[in-house]
$ cat structure_33.pdb   # PDB, C-alpha atoms, pLDDT in the B column
ATOM      1  CA  MET J   5     148.119 130.329 120.906  1.00 44.00           C
ATOM      2  CA  GLY J   6     147.411 127.594 123.444  1.00 49.00           C
ATOM      3  CA  LYS J   7     144.170 127.118 125.282  1.00 51.00           C
ATOM      4  CA  ARG J   8     143.894 128.488 128.799  1.00 46.00           C
ATOM      5  CA  SER J   9     142.448 126.511 131.686  1.00 50.00           C
ATOM      6  CA  SER J  10     139.149 127.862 133.037  1.00 49.00           C
ATOM      7  CA  VAL J  11     141.001 129.405 135.998  1.00 41.00           C
ATOM      8  CA  GLU J  12     143.565 131.065 133.726  1.00 52.00           C
ATOM      9  CA  GLN J  13     140.776 132.308 131.435  1.00 52.00           C
ATOM     10  CA  SER J  14     138.879 133.739 134.409  1.00 54.00           C
ATOM     11  CA  ASP J  15     142.009 135.553 135.649  1.00 54.00           C
ATOM     12  CA  TYR J  16     142.681 136.837 132.129  1.00 56.00           C
ATOM     13  CA  ASP J  17     139.087 138.068 131.719  1.00 60.00           C
ATOM     14  CA  THR J  18     139.257 139.842 135.082  1.00 58.00           C
ATOM     15  CA  MET J  19     142.519 141.544 134.104  1.00 58.00           C
ATOM     16  CA  VAL J  20     141.046 142.723 130.786  1.00 61.00           C
ATOM     17  CA  LEU J  21     137.977 144.137 132.543  1.00 62.00           C
ATOM     18  CA  ILE J  22     140.083 146.032 135.059  1.00 61.00           C
ATOM     19  CA  LEU J  23     142.161 147.489 132.260  1.00 59.00           C
ATOM     20  CA  MET J  24     139.089 148.435 130.228  1.00 64.00           C
ATOM     21  CA  GLU J  25     137.623 150.315 133.188  1.00 63.00           C
ATOM     22  CA  ASN J  26     140.575 152.706 132.895  1.00 59.00           C
ATOM     23  CA  ILE J  27     139.894 153.590 129.261  1.00 69.00           C
ATOM     24  CA  ASP J  28     137.535 156.316 128.130  1.00 77.00           C
ATOM     25  CA  LEU J  29     134.954 154.086 126.485  1.00 83.00           C
ATOM     26  CA  ASN J  30     132.602 156.996 125.813  1.00 84.00           C
ATOM     27  CA  THR J  31     135.074 158.718 123.500  1.00 84.00           C
ATOM     28  CA  THR J  32     135.754 155.553 121.524  1.00 86.00           C
ATOM     29  CA  ILE J  33     132.038 154.771 121.267  1.00 89.00           C
ATOM     30  CA  ALA J  34     131.273 158.316 120.081  1.00 87.00           C
ATOM     31  CA  THR J  35     134.058 158.122 117.502  1.00 86.00           C
ATOM     32  CA  LEU J  36     132.744 154.848 116.089  1.00 89.00           C
ATOM     33  CA  LYS J  37     129.161 156.147 116.059  1.00 91.00           C
ATOM     34  CA  ASN J  38     130.327 159.040 113.865  1.00 89.00           C
ATOM     35  CA  GLY J  39     131.759 156.554 111.367  1.00 85.00           C
ATOM     36  CA  LEU J  40     135.223 155.399 110.424  1.00 82.00           C
ATOM     37  CA  THR J  41     135.650 158.043 107.746  1.00 80.00           C
ATOM     38  CA  THR J  42     135.192 160.922 110.192  1.00 83.00           C
ATOM     39  CA  ILE J  43     138.419 160.219 112.053  1.00 82.00           C
ATOM     40  CA  SER J  44     141.780 161.169 110.629  1.00 83.00           C
ATOM     41  CA  PRO J  45     144.455 158.494 110.340  1.00 81.00           C
ATOM     42  CA  ASP J  46     146.553 160.286 112.974  1.00 85.00           C
ATOM     43  CA  ALA J  47     143.626 160.406 115.392  1.00 84.00           C
ATOM     44  CA  ALA J  48     142.878 156.729 114.704  1.00 85.00           C
ATOM     45  CA  PHE J  49     146.468 155.803 115.496  1.00 87.00           C
ATOM     46  CA  GLY J  50     146.203 157.814 118.726  1.00 87.00           C
ATOM     47  CA  VAL J  51     143.048 156.024 119.848  1.00 86.00           C
ATOM     48  CA  ILE J  52     144.517 152.644 118.950  1.00 90.00           C
ATOM     49  CA  ALA J  53     147.761 153.449 120.792  1.00 89.00           C
ATOM     50  CA  ASP J  54     145.841 154.477 123.935  1.00 87.00           C
ATOM     51  CA  TRP J  55     143.876 151.242 123.947  1.00 87.00           C
ATOM     52  CA  GLN J  56     146.952 149.198 123.173  1.00 89.00           C
ATOM     53  CA  GLN J  57     148.920 150.755 126.014  1.00 86.00           C
ATOM     54  CA  GLN J  58     146.157 150.042 128.532  1.00 83.00           C
ATOM     55  CA  LEU J  59     145.598 146.485 127.311  1.00 84.00           C
ATOM     56  CA  GLN J  60     149.234 145.530 126.876  1.00 85.00           C
ATOM     57  CA  GLY J  61     149.786 141.777 127.086  1.00 84.00           C
ATOM     58  CA  THR J  62     146.248 140.826 126.056  1.00 83.00           C
ATOM     59  CA  GLU J  63     144.856 139.286 122.881  1.00 87.00           C
ATOM     60  CA  ILE J  64     143.024 142.539 122.204  1.00 88.00           C
ATOM     61  CA  SER J  65     146.323 144.408 122.312  1.00 89.00           C
ATOM     62  CA  LYS J  66     147.737 142.024 119.716  1.00 92.00           C
ATOM     63  CA  LEU J  67     144.738 142.647 117.475  1.00 92.00           C
ATOM     64  CA  LEU J  68     145.230 146.386 117.892  1.00 93.00           C
ATOM     65  CA  GLU J  69     148.845 146.006 116.778  1.00 92.00           C
ATOM     66  CA  GLU J  70     147.620 144.141 113.694  1.00 92.00           C
ATOM     67  CA  LEU J  71     145.092 146.909 113.054  1.00 92.00           C
ATOM     68  CA  LYS J  72     147.786 149.581 113.212  1.00 90.00           C
ATOM     69  CA  ALA J  73     149.884 147.591 110.763  1.00 88.00           C
ATOM     70  CA  THR J  74     146.968 147.291 108.324  1.00 88.00           C
ATOM     71  CA  LEU J  75     146.202 151.000 108.473  1.00 84.00           C
ATOM     72  CA  ASP J  76     149.503 151.909 106.842  1.00 77.00           C
ATOM     73  CA  GLY J  77     147.694 151.987 103.505  1.00 73.00           C
ATOM     74  CA  SER J  78     149.152 148.880 101.903  1.00 72.00           C
ATOM     75  CA  SER J  79     146.635 146.415 103.348  1.00 76.00           C
ATOM     76  CA  SER J  80     143.244 145.571 101.940  1.00 84.00           C
ATOM     77  CA  ARG J  81     140.016 146.871 103.375  1.00 86.00           C
ATOM     78  CA  ARG J  82     139.091 143.219 103.880  1.00 90.00           C
ATOM     79  CA  ALA J  83     142.045 142.743 106.261  1.00 91.00           C
ATOM     80  CA  ILE J  84     140.969 145.809 108.254  1.00 90.00           C
ATOM     81  CA  ALA J  85     137.374 144.557 108.300  1.00 92.00           C
ATOM     82  CA  GLU J  86     138.417 141.164 109.647  1.00 95.00           C
ATOM     83  CA  ILE J  87     140.423 142.712 112.469  1.00 95.00           C
ATOM     84  CA  LEU J  88     137.611 145.110 113.401  1.00 94.00           C
ATOM     85  CA  SER J  89     135.165 142.202 113.447  1.00 96.00           C
ATOM     86  CA  GLU J  90     137.476 140.166 115.684  1.00 95.00           C
ATOM     87  CA  LEU J  91     137.964 143.155 117.991  1.00 94.00           C
ATOM     88  CA  GLY J  92     134.182 143.415 118.182  1.00 95.00           C
ATOM     89  CA  ALA J  93     133.890 139.751 119.115  1.00 94.00           C
ATOM     90  CA  GLN J  94     136.650 139.996 121.755  1.00 91.00           C
ATOM     91  CA  THR J  95     135.097 143.138 123.259  1.00 91.00           C
ATOM     92  CA  THR J  96     131.638 141.576 123.345  1.00 92.00           C
ATOM     93  CA  SER J  97     133.148 138.535 125.045  1.00 90.00           C
ATOM     94  CA  ALA J  98     134.743 140.766 127.669  1.00 87.00           C
ATOM     95  CA  ALA J  99     131.365 142.455 128.216  1.00 88.00           C
ATOM     96  CA  GLU J 100     129.839 139.111 129.147  1.00 88.00           C
ATOM     97  CA  ASN J 101     132.126 139.023 132.187  1.00 83.00           C
ATOM     98  CA  ALA J 102     131.490 142.633 133.187  1.00 83.00           C
ATOM     99  CA  SER J 103     128.599 144.121 135.103  1.00 84.00           C
ATOM    100  CA  GLY J 104     126.677 147.362 135.272  1.00 87.00           C
ATOM    101  CA  ASP J 105     127.617 150.336 133.142  1.00 87.00           C
ATOM    102  CA  LEU J 106     130.882 148.743 132.044  1.00 84.00           C
ATOM    103  CA  ALA J 107     129.025 145.758 130.580  1.00 88.00           C
ATOM    104  CA  VAL J 108     126.632 148.055 128.713  1.00 92.00           C
ATOM    105  CA  LYS J 109     129.446 150.164 127.273  1.00 90.00           C
ATOM    106  CA  LEU J 110     131.584 147.174 126.291  1.00 90.00           C
ATOM    107  CA  THR J 111     128.606 145.528 124.602  1.00 94.00           C
ATOM    108  CA  GLU J 112     127.925 148.702 122.632  1.00 95.00           C
ATOM    109  CA  LEU J 113     131.588 149.055 121.719  1.00 93.00           C
ATOM    110  CA  GLY J 114     131.744 145.425 120.598  1.00 94.00           C
ATOM    111  CA  GLN J 115     128.686 145.905 118.406  1.00 96.00           C
ATOM    112  CA  LEU J 116     130.088 149.109 116.888  1.00 95.00           C
ATOM    113  CA  LEU J 117     133.412 147.444 116.104  1.00 94.00           C
ATOM    114  CA  ALA J 118     131.625 144.505 114.479  1.00 96.00           C
ATOM    115  CA  GLN J 119     129.427 146.894 112.482  1.00 94.00           C
ATOM    116  CA  ALA J 120     132.482 148.863 111.389  1.00 92.00           C
ATOM    117  CA  GLY J 121     134.086 145.638 110.191  1.00 93.00           C
ATOM    118  CA  ALA J 122     130.936 144.609 108.335  1.00 93.00           C
ATOM    119  CA  SER J 123     130.668 148.030 106.686  1.00 91.00           C
ATOM    120  CA  LEU J 124     133.970 147.671 104.861  1.00 85.00           C
ATOM    121  CA  PRO J 125     133.664 145.909 101.495  1.00 70.00           C
TER     122      PRO J 125
END
$ encode --input "structure_33.pdb" --output "structure tokens"
Amino acid sequence: MGKRSSVEQSDYDTMVLILMENIDLNTTIATLKNGLTTISPDAAFGVIADWQQQLQGTEISKLLEELKATLDGSSSRRAIAEILSELGAQTTSAAENASGDLAVKLTELGQLLAQAGASLP
């Protein structure tokens, strides 16, 4: 992936924030707070698909596609952990460009994703 100019990056960040405002962050945060093992694989795929649909065309969407592919059971927990950690980093980065309640929720979501990644051996 090539580097974006600062203007392109700013436009991209704005687009991601607008898209994230349309997603039910509270449900995803609550799900992650309950722990990864409390959600069924089908429910996980549903949550991932919802996020992916809203964030289509973004780097986060590509990571979500990778996550879905790793959840098929043939990938290592380490691969899943790495993707969750990267999703956490990307979400935290998006939070830095947000404001108000959205920034708070994205920061929390980013931390939870990173924690989920770190919790997998």
$ closest_residue --input "structure_33.pdb" --among "J:Glu100, J:Asp28, J:Asp76, J:Glu69" --to "Ile52 (chain J)" --atoms "only C-alpha atoms"
J:Glu69
$ closest_residue --input "structure_33.pdb" --among "J:Thr95, J:Leu116, J:Ala53, J:Leu59" --to "Lys72 (chain J)" --atoms "all atoms listed in the file"
J:Ala53
$ closest_residue --input "structure_33.pdb" --among "J:Leu75, J:Ala102, J:Thr32, J:Leu68" --to "Asp46 (chain J)" --atoms "all atoms listed in the file"
J:Leu75
$ closest_residue --input "structure_33.pdb" --among "J:Ala93, J:Glu63, J:Gln56, J:Pro45" --to "Gly77 (chain J)" --atoms "all atoms listed in the file"
J:Pro45
$ atom_distance --input "structure_33.pdb" --atom1 "CA of Ala83 (chain J)" --atom2 "CA of Val108 (chain J)"
27.7 Å
$ residues_around --input "structure_33.pdb" --residues "Ala122 (chain J)" --least-positions-apart "3" --cutoff "8 Å" --atoms "all atoms listed in the file" --output "ChimeraX atom specification"
/J:85,89,118-119,125
